[in-house]
>>> print(open('structure_18.csv').read())   # CSV, C-alpha atoms
chain,number,residue,atom,x,y,z
A,17,MET,CA,29.2,-4.6,13.7
A,18,PHE,CA,25.8,-6.1,14.2
A,19,VAL,CA,24.0,-8.5,11.8
A,20,LEU,CA,20.3,-7.7,11.7
A,21,GLY,CA,17.7,-10.4,11.0
A,22,ASP,CA,14.5,-10.1,9.0
A,23,THR,CA,12.5,-6.9,9.4
A,24,THR,CA,9.0,-6.7,10.9
A,25,TYR,CA,7.8,-5.0,7.7
A,26,GLY,CA,8.8,-5.3,4.1
A,27,SER,CA,12.2,-6.8,3.5
A,28,CYS,CA,12.9,-4.3,0.7
A,29,CYS,CA,13.0,-1.4,3.3
A,30,VAL,CA,15.9,-0.5,5.4
A,31,ASP,CA,15.2,-1.5,9.1
A,32,GLU,CA,16.2,1.7,10.8
A,33,VAL,CA,14.4,0.7,14.0
A,34,ALA,CA,16.4,-2.4,14.6
A,35,ALA,CA,19.6,-0.5,13.7
A,36,GLU,CA,18.8,2.2,16.3
A,37,HIS,CA,18.2,-0.5,19.0
A,38,VAL,CA,21.9,-1.4,18.7
A,39,GLY,CA,23.0,2.2,18.5
A,40,ALA,CA,24.2,1.9,14.8
A,41,GLU,CA,25.6,4.9,13.1
A,42,ALA,CA,25.1,3.5,9.5
A,43,VAL,CA,23.4,0.7,7.8
A,44,LEU,CA,24.5,-1.7,5.1
A,45,HIS,CA,21.4,-3.1,3.3
A,46,TYR,CA,22.0,-6.3,1.4
A,47,GLY,CA,19.6,-7.6,-1.3
A,48,PRO,CA,16.6,-6.3,-3.1
A,49,ALA,CA,15.6,-2.7,-2.1
A,50,CYS,CA,12.7,-0.3,-2.8
A,51,LEU,CA,15.2,2.6,-2.5
A,52,SER,CA,12.9,4.6,-0.3
A,53,PRO,CA,14.7,7.4,1.5
A,54,CYS,CA,15.4,6.9,5.2
A,55,ARG,CA,14.9,9.4,8.0
A,56,LYS,CA,18.0,9.4,10.1
A,57,LEU,CA,20.8,6.9,9.3
A,58,PRO,CA,23.1,6.9,6.2
A,59,VAL,CA,22.5,3.8,4.1
A,60,LEU,CA,24.8,1.9,1.7
A,61,HIS,CA,22.9,-0.5,-0.6
A,62,ILE,CA,24.6,-3.8,-1.6
A,63,PHE,CA,22.3,-5.1,-4.3
A,64,GLY,CA,24.3,-8.2,-5.4
A,65,GLN,CA,24.9,-9.2,-8.9
A,66,GLN,CA,22.5,-11.9,-10.2
A,67,PRO,CA,23.6,-13.5,-13.4
A,68,VAL,CA,22.1,-12.2,-16.7
A,69,ASP,CA,22.8,-13.1,-20.3
A,70,VAL,CA,23.3,-9.6,-21.8
A,71,GLY,CA,23.5,-11.0,-25.3
A,72,ARG,CA,20.2,-12.8,-25.0
A,73,CYS,CA,18.6,-9.8,-23.4
A,74,ALA,CA,19.7,-7.6,-26.4
A,75,GLU,CA,18.3,-10.2,-28.8
A,76,ALA,CA,15.0,-10.2,-26.9
A,77,PHE,CA,14.9,-6.4,-27.1
A,78,ARG,CA,15.5,-6.4,-30.9
A,79,GLU,CA,12.7,-9.0,-31.3
A,80,LEU,CA,10.3,-6.8,-29.2
A,81,TYR,CA,11.3,-3.5,-30.9
A,82,PRO,CA,12.3,-4.2,-34.5
A,83,GLU,CA,12.0,-0.5,-35.4
A,84,GLN,CA,15.3,1.1,-34.6
A,85,GLN,CA,13.7,4.6,-34.1
A,86,SER,CA,11.5,3.2,-31.2
A,87,ARG,CA,11.5,5.3,-28.1
A,88,VAL,CA,12.1,3.0,-25.1
A,89,VAL,CA,13.0,3.5,-21.5
A,90,VAL,CA,15.0,0.6,-20.0
A,91,LEU,CA,14.3,-0.2,-16.3
A,92,SER,CA,15.8,-3.0,-14.3
A,93,ASP,CA,15.5,-4.8,-11.0
A,94,VAL,CA,18.3,-3.7,-8.6
A,95,VAL,CA,20.0,-7.1,-8.7
A,96,TYR,CA,20.5,-6.7,-12.5
A,97,ALA,CA,21.7,-3.1,-12.4
A,98,HIS,CA,25.3,-4.2,-12.7
A,99,ALA,CA,24.7,-5.4,-16.3
A,100,MET,CA,22.9,-2.3,-17.7
A,101,GLY,CA,26.1,-0.6,-18.7
A,102,GLU,CA,27.0,-3.5,-21.0
A,103,LEU,CA,23.5,-3.7,-22.4
A,104,GLU,CA,23.6,0.1,-23.1
A,105,GLN,CA,26.8,-0.3,-25.1
A,106,GLN,CA,25.1,-3.0,-27.3
A,107,LEU,CA,21.8,-1.2,-27.9
A,108,CYS,CA,22.6,2.5,-28.1
A,109,PRO,CA,24.5,2.4,-31.4
A,110,GLU,CA,21.5,0.8,-33.0
A,111,TYR,CA,18.7,2.5,-31.1
A,112,PRO,CA,19.4,6.3,-30.7
A,113,ASN,CA,16.2,6.9,-28.8
A,114,VAL,CA,16.7,4.4,-26.1
A,115,ILE,CA,17.0,5.8,-22.5
A,116,PHE,CA,18.6,3.9,-19.6
A,117,SER,CA,17.5,4.7,-16.1
A,118,ARG,CA,19.9,5.1,-13.2
A,119,LEU,CA,19.6,4.0,-9.7
A,120,VAL,CA,19.4,6.8,-7.1
A,121,TRP,CA,18.4,7.0,-3.5
A,122,GLY,CA,18.3,9.5,-0.8
A,123,ASP,CA,17.0,13.1,-1.1
A,124,PRO,CA,17.5,14.7,-4.5
A,125,PRO,CA,20.4,17.2,-4.7
A,126,GLY,CA,18.2,19.9,-6.2
A,127,PRO,CA,15.0,20.6,-8.1
A,128,ALA,CA,14.1,18.4,-11.1
A,129,VAL,CA,14.9,19.7,-14.5
A,130,PRO,CA,12.2,19.7,-17.2
A,131,GLY,CA,11.5,16.2,-18.5
A,132,GLU,CA,13.3,14.5,-15.6
A,133,GLU,CA,11.6,11.5,-14.0
A,134,ARG,CA,12.6,10.4,-10.6
A,135,LYS,CA,10.5,7.7,-9.0
A,136,PHE,CA,11.0,4.3,-7.3
A,137,GLY,CA,14.7,5.1,-7.0
A,138,ARG,CA,15.1,5.4,-10.8
A,139,GLN,CA,16.1,8.5,-12.6
A,140,PHE,CA,16.0,9.3,-16.4
A,141,LEU,CA,15.5,12.3,-18.6
A,142,VAL,CA,12.8,12.3,-21.3
A,143,GLU,CA,13.6,14.4,-24.3
A,144,ALA,CA,10.5,13.8,-26.5
A,145,ALA,CA,8.1,16.7,-26.9
A,146,GLY,CA,5.1,14.5,-26.0
A,147,GLY,CA,6.7,13.5,-22.7
A,148,LEU,CA,6.8,10.0,-21.2
A,149,GLN,CA,3.6,8.8,-22.9
A,150,ASP,CA,5.5,8.7,-26.2
A,151,TYR,CA,7.8,6.0,-24.8
A,152,ALA,CA,7.6,2.3,-24.2
A,153,MET,CA,9.1,0.6,-21.1
A,154,PHE,CA,11.4,-2.4,-21.2
A,155,TYR,CA,12.0,-4.0,-17.8
A,156,VAL,CA,14.8,-6.4,-17.0
A,157,GLY,CA,13.8,-8.6,-14.1
A,158,ALA,CA,11.2,-11.2,-12.9
A,159,GLU,CA,7.5,-10.5,-12.4
A,160,GLY,CA,6.8,-9.0,-9.0
A,161,LEU,CA,5.7,-6.0,-7.0
A,162,ALA,CA,8.2,-3.7,-8.6
A,163,LEU,CA,7.0,-4.3,-12.1
A,164,THR,CA,3.3,-4.0,-11.0
A,165,SER,CA,4.1,-0.6,-9.4
A,166,PHE,CA,5.8,0.6,-12.5
A,167,MET,CA,2.9,-0.5,-14.8
A,168,LEU,CA,0.3,1.2,-12.6
A,169,THR,CA,2.2,4.4,-12.2
A,170,TRP,CA,3.2,4.7,-15.9
A,171,ASN,CA,0.0,3.2,-17.1
A,172,ARG,CA,0.0,5.1,-20.4
A,173,CYS,CA,3.2,3.3,-21.6
A,174,PRO,CA,3.2,-0.2,-23.1
A,175,PHE,CA,5.5,-2.5,-21.2
A,176,SER,CA,7.7,-5.4,-22.2
A,177,SER,CA,10.0,-7.4,-20.0
A,178,PHE,CA,13.0,-9.8,-20.1
A,179,ASN,CA,13.3,-12.5,-17.3
A,180,PRO,CA,17.0,-13.3,-16.9
A,181,THR,CA,16.1,-16.6,-15.0
A,182,THR,CA,14.2,-18.0,-18.0
A,183,GLY,CA,15.9,-16.1,-20.7
A,184,CYS,CA,12.6,-15.1,-22.3
A,185,GLY,CA,11.3,-11.7,-23.3
A,186,ARG,CA,7.6,-10.9,-23.6
A,187,ARG,CA,5.1,-8.1,-23.9
A,188,GLU,CA,3.3,-7.7,-20.6
A,189,THR,CA,-0.3,-8.7,-20.8
A,190,LEU,CA,-1.5,-7.3,-17.5
A,191,ASN,CA,-4.8,-5.6,-18.1
A,192,ILE,CA,-4.0,-2.2,-16.7
A,193,ASN,CA,-7.5,-0.9,-17.2
A,194,ARG,CA,-8.9,-3.9,-15.3
A,195,ALA,CA,-6.4,-3.4,-12.5
A,196,LEU,CA,-7.3,0.3,-12.2
A,197,MET,CA,-11.0,-0.6,-12.2
A,198,ARG,CA,-10.3,-2.9,-9.2
A,199,ARG,CA,-8.5,-0.1,-7.4
A,200,LEU,CA,-11.2,2.4,-8.2
A,201,TYR,CA,-13.7,0.0,-6.7
A,202,LEU,CA,-11.7,0.0,-3.5
A,203,VAL,CA,-11.9,3.8,-3.6
A,204,GLU,CA,-15.7,3.5,-3.6
A,205,ARG,CA,-15.6,1.1,-0.7
A,206,ALA,CA,-13.5,3.7,1.2
A,207,ARG,CA,-16.1,6.4,0.5
A,208,ASP,CA,-18.8,4.2,2.1
A,209,ALA,CA,-16.6,3.4,5.2
A,210,SER,CA,-17.4,5.0,8.5
A,211,MET,CA,-14.5,3.6,10.4
A,212,VAL,CA,-11.0,3.4,8.9
A,213,GLY,CA,-7.9,1.5,10.2
A,214,ILE,CA,-4.6,3.1,9.4
A,215,LEU,CA,-2.0,0.4,9.2
A,216,VAL,CA,1.6,1.4,9.9
A,217,GLY,CA,3.6,-0.6,7.4
A,218,THR,CA,6.9,1.2,7.8
A,219,LEU,CA,8.9,2.9,10.5
A,220,GLY,CA,11.9,3.9,8.4
A,221,VAL,CA,10.7,5.6,5.2
A,222,ALA,CA,11.1,9.4,5.5
A,223,GLY,CA,7.8,11.2,5.9
A,224,TYR,CA,5.7,8.4,7.3
A,225,LEU,CA,4.8,10.3,10.4
A,226,THR,CA,3.7,13.3,8.4
A,227,VAL,CA,1.4,11.2,6.2
A,228,LEU,CA,-0.1,9.5,9.2
A,229,GLN,CA,-1.0,12.9,10.6
A,230,HIS,CA,-2.4,14.0,7.3
A,231,LEU,CA,-4.6,10.9,7.0
A,232,ARG,CA,-5.9,11.4,10.5
A,233,GLU,CA,-6.8,15.0,9.7
A,234,LEU,CA,-8.4,14.0,6.4
A,235,LEU,CA,-10.5,11.3,8.0
A,236,ALA,CA,-11.6,13.5,10.9
A,237,ARG,CA,-12.7,16.2,8.5
A,238,ALA,CA,-14.5,13.7,6.3
A,239,GLY,CA,-16.6,12.6,9.3
A,240,LYS,CA,-14.9,9.2,9.6
A,241,ARG,CA,-13.4,7.6,12.7
A,242,SER,CA,-9.9,6.1,12.6
A,243,TYR,CA,-7.7,3.7,14.4
A,244,THR,CA,-3.9,3.6,14.0
A,245,LEU,CA,-2.6,0.1,14.1
A,246,ALA,CA,0.9,-1.3,14.1
A,247,VAL,CA,0.6,-5.0,13.3
A,248,GLY,CA,3.8,-5.6,11.3
A,249,LYS,CA,3.2,-7.4,8.0
A,250,PRO,CA,-0.5,-7.5,7.5
A,251,ASN,CA,-2.3,-10.8,6.8
A,252,PRO,CA,-6.0,-11.8,6.9
A,253,ALA,CA,-5.8,-13.4,10.4
A,254,LYS,CA,-4.4,-10.2,12.0
A,255,LEU,CA,-6.8,-7.8,10.4
A,256,ALA,CA,-9.8,-10.1,11.1
A,257,ASN,CA,-9.3,-9.2,14.8
A,258,PHE,CA,-10.8,-5.7,14.0
A,259,PRO,CA,-14.3,-6.5,12.6
A,260,GLU,CA,-15.5,-3.0,13.5
A,261,VAL,CA,-13.1,-1.5,10.8
A,262,ASP,CA,-14.8,-1.0,7.4
A,263,VAL,CA,-11.6,-0.4,5.4
A,264,PHE,CA,-7.9,-0.3,6.0
A,265,VAL,CA,-5.3,2.1,4.6
A,266,LEU,CA,-1.7,0.8,4.4
A,267,VAL,CA,1.1,3.3,4.9
A,268,ALA,CA,4.2,1.6,3.4
A,269,CYS,CA,6.8,2.0,0.8
A,270,ALA,CA,5.8,2.2,-2.9
A,271,GLN,CA,6.3,-1.5,-3.5
A,272,ASN,CA,4.4,-2.8,-0.5
A,273,SER,CA,1.5,-0.4,-0.7
A,274,LEU,CA,-0.3,-2.4,-3.4
A,275,LEU,CA,-1.6,-5.2,-1.2
A,276,ASP,CA,-3.9,-7.8,-2.8
A,277,SER,CA,-6.7,-7.8,-0.3
A,278,SER,CA,-9.0,-10.3,-2.1
A,279,ASP,CA,-8.4,-12.8,0.8
A,280,PHE,CA,-8.9,-10.2,3.5
A,281,TYR,CA,-12.1,-9.7,5.5
A,282,ARG,CA,-12.0,-5.9,4.8
A,283,PRO,CA,-10.4,-4.2,1.8
A,284,VAL,CA,-6.9,-2.5,2.1
A,285,VAL,CA,-6.3,0.7,0.1
A,286,THR,CA,-3.4,3.0,-0.4
A,287,PRO,CA,-3.1,6.6,0.9
A,288,TYR,CA,-3.6,7.9,-2.6
A,289,GLU,CA,-6.9,5.9,-2.9
A,290,LEU,CA,-8.1,7.2,0.5
A,291,GLU,CA,-7.4,10.8,-0.7
A,292,LEU,CA,-9.4,10.1,-3.8
A,293,ALA,CA,-12.3,8.9,-1.6
A,294,CYS,CA,-12.2,11.7,1.1
A,295,ASN,CA,-10.7,14.8,-0.5
A,296,PRO,CA,-13.2,16.5,-2.9
A,297,ALA,CA,-10.3,18.5,-4.4
A,298,ARG,CA,-8.5,15.4,-5.5
A,299,GLU,CA,-9.8,14.1,-8.9
A,300,TRP,CA,-8.8,11.1,-10.9
A,301,THR,CA,-6.6,12.2,-13.7
A,302,GLY,CA,-5.4,8.8,-14.9
A,303,ASN,CA,-2.0,9.1,-13.0
A,304,TYR,CA,-1.8,6.6,-10.2
A,305,LEU,CA,0.5,7.3,-7.3
A,306,THR,CA,1.9,4.5,-5.1
A,307,ASP,CA,4.5,6.6,-3.2
A,308,PHE,CA,2.8,8.4,-0.3
A,309,ARG,CA,5.4,11.1,-0.3
A,310,ASP,CA,3.8,12.5,-3.4
A,311,LEU,CA,0.8,13.5,-1.3
A,312,LEU,CA,2.8,15.6,1.2
A,313,PRO,CA,3.1,19.4,1.1
A,314,GLY,CA,5.8,20.5,-1.3
A,315,ALA,CA,5.4,17.4,-3.5
A,316,CYS,CA,4.3,17.7,-7.2
A,317,ALA,CA,1.0,15.9,-6.6
A,318,HIS,CA,0.0,17.6,-3.3
A,319,VAL,CA,-3.6,18.9,-3.2
A,320,GLU,CA,-4.7,21.2,-0.4
A,321,LEU,CA,-7.9,20.3,1.5
A,322,PRO,CA,-10.8,22.6,0.5
A,323,PRO,CA,-12.6,24.7,3.0
A,324,ALA,CA,-15.4,23.3,5.0
A,325,VAL,CA,-19.0,23.3,3.6
A,326,PRO,CA,-22.0,23.8,5.8
A,327,ALA,CA,-24.1,20.6,6.0
A,328,GLU,CA,-27.2,22.5,4.7
A,329,GLU,CA,-25.3,23.6,1.6
A,330,ALA,CA,-23.5,20.3,0.8
A,331,VAL,CA,-24.6,18.3,-2.2
A,332,PRO,CA,-25.4,14.8,-1.2
A,333,ASP,CA,-23.7,11.8,-2.9
A,334,VAL,CA,-25.1,8.3,-3.7
A,335,SER,CA,-23.0,5.2,-3.2
A,336,LEU,CA,-22.4,3.2,-6.3
A,337,ILE,CA,-22.2,0.0,-4.2
A,338,SER,CA,-25.1,0.2,-1.7
A,339,GLY,CA,-27.2,2.9,-3.4
A,340,LYS,CA,-27.5,4.8,-0.1
A,341,MET,CA,-27.0,8.5,0.5
A,342,ARG,CA,-23.7,9.6,2.0
A,343,ALA,CA,-21.9,12.8,2.9
A,344,ALA,CA,-19.3,14.0,0.4
A,345,HIS,CA,-18.1,17.3,2.0
A,346,LEU,CA,-15.5,18.1,4.6
A,347,CYS,CA,-16.4,19.4,8.0
A,348,ASP,CA,-14.8,22.3,9.9
A,349,PRO,CA,-11.5,21.2,11.5
A,350,LEU,CA,-12.7,22.3,15.0
A,351,SER,CA,-16.1,20.7,14.9
A,352,SER,CA,-14.6,17.4,13.5
A,353,GLN,CA,-12.3,16.8,16.5
A,354,LEU,CA,-13.4,13.8,18.6
A,355,PRO,CA,-13.7,14.0,22.3
A,356,PRO,CA,-10.4,13.4,24.2
A,357,SER,CA,-9.9,9.9,25.6
A,358,ALA,CA,-9.4,11.4,29.1
A,359,ALA,CA,-13.0,12.6,29.2
A,360,LEU,CA,-15.2,11.1,31.9
A,361,ALA,CA,-17.8,8.5,30.7
A,362,CYS,CA,-20.3,6.4,32.5
A,363,ARG,CA,-19.2,2.8,32.1
A,364,ASP,CA,-22.7,1.4,32.7
A,365,GLN,CA,-24.2,3.3,29.8
A,366,THR,CA,-23.0,1.9,26.5
A,367,ARG,CA,-24.4,4.7,24.4
A,368,ALA,CA,-22.4,7.3,26.4
A,369,LEU,CA,-19.3,5.3,25.9
A,370,ALA,CA,-20.1,4.8,22.2
A,371,GLU,CA,-19.8,8.5,21.6
A,372,ILE,CA,-16.1,8.3,22.6
A,373,SER,CA,-15.0,4.8,21.6
A,374,PRO,CA,-15.7,3.5,18.0
A,375,ALA,CA,-15.3,-0.1,19.4
A,376,ALA,CA,-18.1,0.5,21.9
A,377,SER,CA,-20.3,1.9,19.1
A,378,PHE,CA,-19.7,-1.2,17.1
A,379,LEU,CA,-20.3,-3.5,20.1
A,380,GLU,CA,-23.7,-1.8,20.7
A,381,SER,CA,-24.8,-2.7,17.2
A,382,ARG,CA,-24.1,-6.4,17.6
A,383,SER,CA,-26.8,-8.8,18.6
A,384,TRP,CA,-24.4,-10.9,20.7
A,385,GLN,CA,-22.1,-8.9,23.0
A,386,GLY,CA,-20.3,-11.7,24.8
A,387,LEU,CA,-20.9,-13.8,27.9
A,388,GLU,CA,-22.7,-12.1,30.8
A,389,GLN,CA,-21.6,-12.8,34.3
A,390,GLN,CA,-25.0,-12.1,35.9
A,391,LEU,CA,-23.5,-11.8,39.4
A,392,GLY,CA,-26.0,-12.4,42.2
A,393,GLN,CA,-28.7,-13.6,39.8
A,394,THR,CA,-27.6,-17.3,39.5
A,395,PRO,CA,-28.9,-19.7,42.3
A,396,VAL,CA,-26.1,-21.4,44.3
A,397,SER,CA,-26.0,-25.2,43.8
A,398,LYS,CA,-23.6,-28.0,44.9
A,399,ALA,CA,-21.0,-29.4,42.6
A,400,VAL,CA,-22.1,-32.6,40.9
A,401,GLN,CA,-20.0,-35.2,39.0
A,402,GLY,CA,-20.0,-34.6,35.3
A,403,ARG,CA,-19.9,-36.9,32.3
A,404,ARG,CA,-17.0,-39.1,31.4
A,405,GLY,CA,-15.8,-40.0,27.9
A,406,ILE,CA,-15.7,-38.2,24.7
A,407,ALA,CA,-18.3,-36.2,23.0
A,408,ILE,CA,-19.2,-38.8,20.5
A,409,ALA,CA,-20.0,-41.5,23.2
A,410,TYR,CA,-20.2,-40.6,26.9
A,411,GLU,CA,-20.1,-43.5,29.4
A,412,ASP,CA,-23.7,-42.9,30.7
A,413,GLU,CA,-25.1,-43.0,27.1
A,414,GLY,CA,-26.4,-46.2,25.5
A,415,CYS,CA,-24.6,-47.5,22.5
A,416,GLU,CA,-26.7,-48.6,19.5
A,417,GLN,CA,-25.3,-51.6,17.8
A,418,ARG,CA,-25.9,-51.7,14.1
>>> encode(input="structure_18.csv", output="structure tokens")
Amino acid sequence: MFVLGDTTYGSCCVDEVAAEHVGAEAVLHYGPACLSPCRKLPVLHIFGQQPVDVGRCAEAFRELYPEQQSRVVVLSDVVYAHAMGELEQQLCPEYPNVIFSRLVWGDPPGPAVPGEERKFGRQFLVEAAGGLQDYAMFYVGAEGLALTSFMLTWNRCPFSSFNPTTGCGRRETLNINRALMRRLYLVERARDASMVGILVGTLGVAGYLTVLQHLRELLARAGKRSYTLAVGKPNPAKLANFPEVDVFVLVACAQNSLLDSSDFYRPVVTPYELELACNPAREWTGNYLTDFRDLLPGACAHVELPPAVPAEEAVPDVSLISGKMRAAHLCDPLSSQLPPSAALACRDQTRALAEISPAASFLESRSWQGLEQQLGQTPVSKAVQGRRGIAIAYEDEGCEQR
């Protein structure tokens, strides 16, 4: 048995990479989890049992939903899942239309039945004719990334929550429309970008290699250059080392994909937002996707890339941020391929190198390109004694007395 430390990426994900380094055959994951499916190893989740006052939670539910015919879906953080059975016994006799979600992980055993919702490791069956939009959501847990992901994904449902730590229930006042407007602004920034950095935020979630290849193909056909970067947990200092990148896209689990990039030098978007920006066939329908596996072939939200459009027949687009013209069509897959890195290039000609390297292209556009050695151009001189002291007062400088 090996005890693994903190993961390089999100702590809610199973660290399959560290487990494979020690030759593990199975993983026990303790604590909060995003329940994203793993690629290779079998996983047993130990969520823990954080204390929760079920009676107080039931009272808060009755205060928030006084009408006993209310249609409500009850969700919970994984650390409070142990108490949902007792809460269900107290509420279901009074509220016949209340649905309790179940925690599931791994690949689904079969196709989903009509009305079944299976996202974020939660599974429940909606029986109303109008679908999920006729229901409200009641979340048991503290405010965090999980609740934010739920509210953005099911943005047509009103949310309420009960915090077991404080014992208080409330209606969530997060302005979903304002949050979505912020995300759509980032989509517009991605449309203006000419160079995109693909951040690898997970090495264990199933399908991450497939979505990386899909994003590379999408960016190449959209006429954008891309870098693939593995920097661990992203922060402003790390990403500021790549000033030539216009926008970053983070490939991570559903909870860690929504990164607040307000403090970052460049914005960070999700794979779904990049698809909205670069795939003309993908249109905004009001349904927000945080799980990148929904974009893969075979998923319910997968959209095929449209055929290439000749440049002379393409309809130009105008940026809503800069007001400049930009291309809004996809190129032919063969013509969009970049030259291989093994191609010969003259190192003395920056322009020739810029056609191969995006970094060289960015360096050419900068006014200051670093210190120049100027070998053979500087006259030879003898070494002389320098100044002594500190910068505020060298020994050979006169001191003014005031």
>>> closest_atom_pairs(input="structure_18.csv", of="stretch 68-139 of chain A", to="stretch 143-146 of chain A", cutoff="9 Å", atoms="all atoms listed in the file", output="JSON lines")
{"residue": "A:Arg87", "atom": "CA", "partner": "A:Ala144", "partner_atom": "CA", "distance": 8.7}
{"residue": "A:Pro130", "atom": "CA", "partner": "A:Glu143", "partner_atom": "CA", "distance": 9.0}
{"residue": "A:Gly131", "atom": "CA", "partner": "A:Glu143", "partner_atom": "CA", "distance": 6.4}
{"residue": "A:Glu132", "atom": "CA", "partner": "A:Glu143", "partner_atom": "CA", "distance": 8.7}
>>> write_last_selection(input="structure_18.csv", atoms="C-alpha atoms", output="tab-separated table (two decimals), in the coordinates of the input")
chain	number	residue	atom	x	y	z
A	87	ARG	CA	11.50	5.30	-28.10
A	130	PRO	CA	12.20	19.70	-17.20
A	131	GLY	CA	11.50	16.20	-18.50
A	132	GLU	CA	13.30	14.50	-15.60
>>> atom_distance(input="structure_18.csv", atom1="atom CA of A:Ser335", atom2="atom CA of A:Pro296")
15.0 Å
>>> residues_around(input="structure_18.csv", residues="stretch 275-288 of chain A", least_positions_apart="5", cutoff="7 Å", atoms="only C-alpha atoms", output="VMD selection string")
chain A and resid 202 252 256 262 to 267 305 to 306 308
>>> atom_distance(input="structure_18.csv", atom1="atom CA of A:Tyr155", atom2="atom CA of A:Arg309")
24.0 Å
>>> closest_residue(input="structure_18.csv", among="A:Val203, A:Val114, A:Met167, A:Val94", to="A:Tyr151", atoms="all atoms listed in the file")
A:Val114
>>> residues_near_point(input="structure_18.csv", point="(-1.8, 8.4, 11.3)", cutoff="10 Å", atoms="all atoms listed in the file", output="ChimeraX atom specification")
/A:213-216,224-235,242-245,265,267
>>> atom_distance(input="structure_18.csv", atom1="atom CA of A:Cys73", atom2="atom CA of A:Phe166")
19.8 Å
>>> closest_residue(input="structure_18.csv", among="A:Ser397, A:Ser338, A:Ser92, A:Ser52", to="A:Ser176", atoms="all atoms listed in the file")
A:Ser92
>>> residues_around(input="structure_18.csv", residues="A:Val129", least_positions_apart="6", cutoff="12 Å", atoms="all atoms listed in the file", output="PDB file with C-alpha atoms, in the frame of the given file")
ATOM      1  CA  GLN A 139      16.100   8.500 -12.600  1.00  0.00           C
ATOM      2  CA  PHE A 140      16.000   9.300 -16.400  1.00  0.00           C
ATOM      3  CA  LEU A 141      15.500  12.300 -18.600  1.00  0.00           C
ATOM      4  CA  VAL A 142      12.800  12.300 -21.300  1.00  0.00           C
ATOM      5  CA  GLU A 143      13.600  14.400 -24.300  1.00  0.00           C
TER       6      GLU A 143
END
>>> closest_residue(input="structure_18.csv", among="A:Arg172, A:Ser273, A:Glu388, A:His37", to="A:Thr301", atoms="only C-alpha atoms")
A:Arg172
>>> residues_around(input="structure_18.csv", residues="A:Asp93", least_positions_apart="2", cutoff="9 Å", atoms="all atoms listed in the file", output="VMD selection string")
chain A and resid 48 91 95 to 97 155 to 158 162 to 163
>>> closest_residue(input="structure_18.csv", among="A:Cys269, A:Ala222, A:Ala76, A:Gly101", to="A:Arg186", atoms="only C-alpha atoms")
A:Ala76
>>> closest_residue(input="structure_18.csv", among="A:Gly26, A:Gly248, A:Gly183, A:Pro82", to="A:Cys50", atoms="all atoms listed in the file")
A:Gly26
>>> closest_residue(input="structure_18.csv", among="A:Leu103, A:Cys316, A:Val19, A:Val90", to="A:Val68", atoms="all atoms listed in the file")
A:Leu103
>>> residues_around(input="structure_18.csv", residues="A:Arg241", least_positions_apart="5", cutoff="7 Å", atoms="all atoms listed in the file", output="PDB file with C-alpha atoms, in the frame of the given file")
ATOM      1  CA  SER A 210     -17.400   5.000   8.500  1.00  0.00           C
ATOM      2  CA  MET A 211     -14.500   3.600  10.400  1.00  0.00           C
ATOM      3  CA  VAL A 212     -11.000   3.400   8.900  1.00  0.00           C
ATOM      4  CA  LEU A 235     -10.500  11.300   8.000  1.00  0.00           C
ATOM      5  CA  ALA A 236     -11.600  13.500  10.900  1.00  0.00           C
TER       6      ALA A 236
END
>>> residues_around(input="structure_18.csv", residues="A:Asp333", least_positions_apart="3", cutoff="12 Å", atoms="only C-alpha atoms", output="ChimeraX atom specification")
/A:204,207-208,293,296,330,336-345
>>> write_last_selection(input="structure_18.csv", atoms="C-alpha atoms", output="CSV table (one decimal), in the coordinates of the input")
chain,number,residue,atom,x,y,z
A,204,GLU,CA,-15.7,3.5,-3.6
A,207,ARG,CA,-16.1,6.4,0.5
A,208,ASP,CA,-18.8,4.2,2.1
A,293,ALA,CA,-12.3,8.9,-1.6
A,296,PRO,CA,-13.2,16.5,-2.9
A,330,ALA,CA,-23.5,20.3,0.8
A,336,LEU,CA,-22.4,3.2,-6.3
A,337,ILE,CA,-22.2,0.0,-4.2
A,338,SER,CA,-25.1,0.2,-1.7
A,339,GLY,CA,-27.2,2.9,-3.4
A,340,LYS,CA,-27.5,4.8,-0.1
A,341,MET,CA,-27.0,8.5,0.5
A,342,ARG,CA,-23.7,9.6,2.0
A,343,ALA,CA,-21.9,12.8,2.9
A,344,ALA,CA,-19.3,14.0,0.4
A,345,HIS,CA,-18.1,17.3,2.0
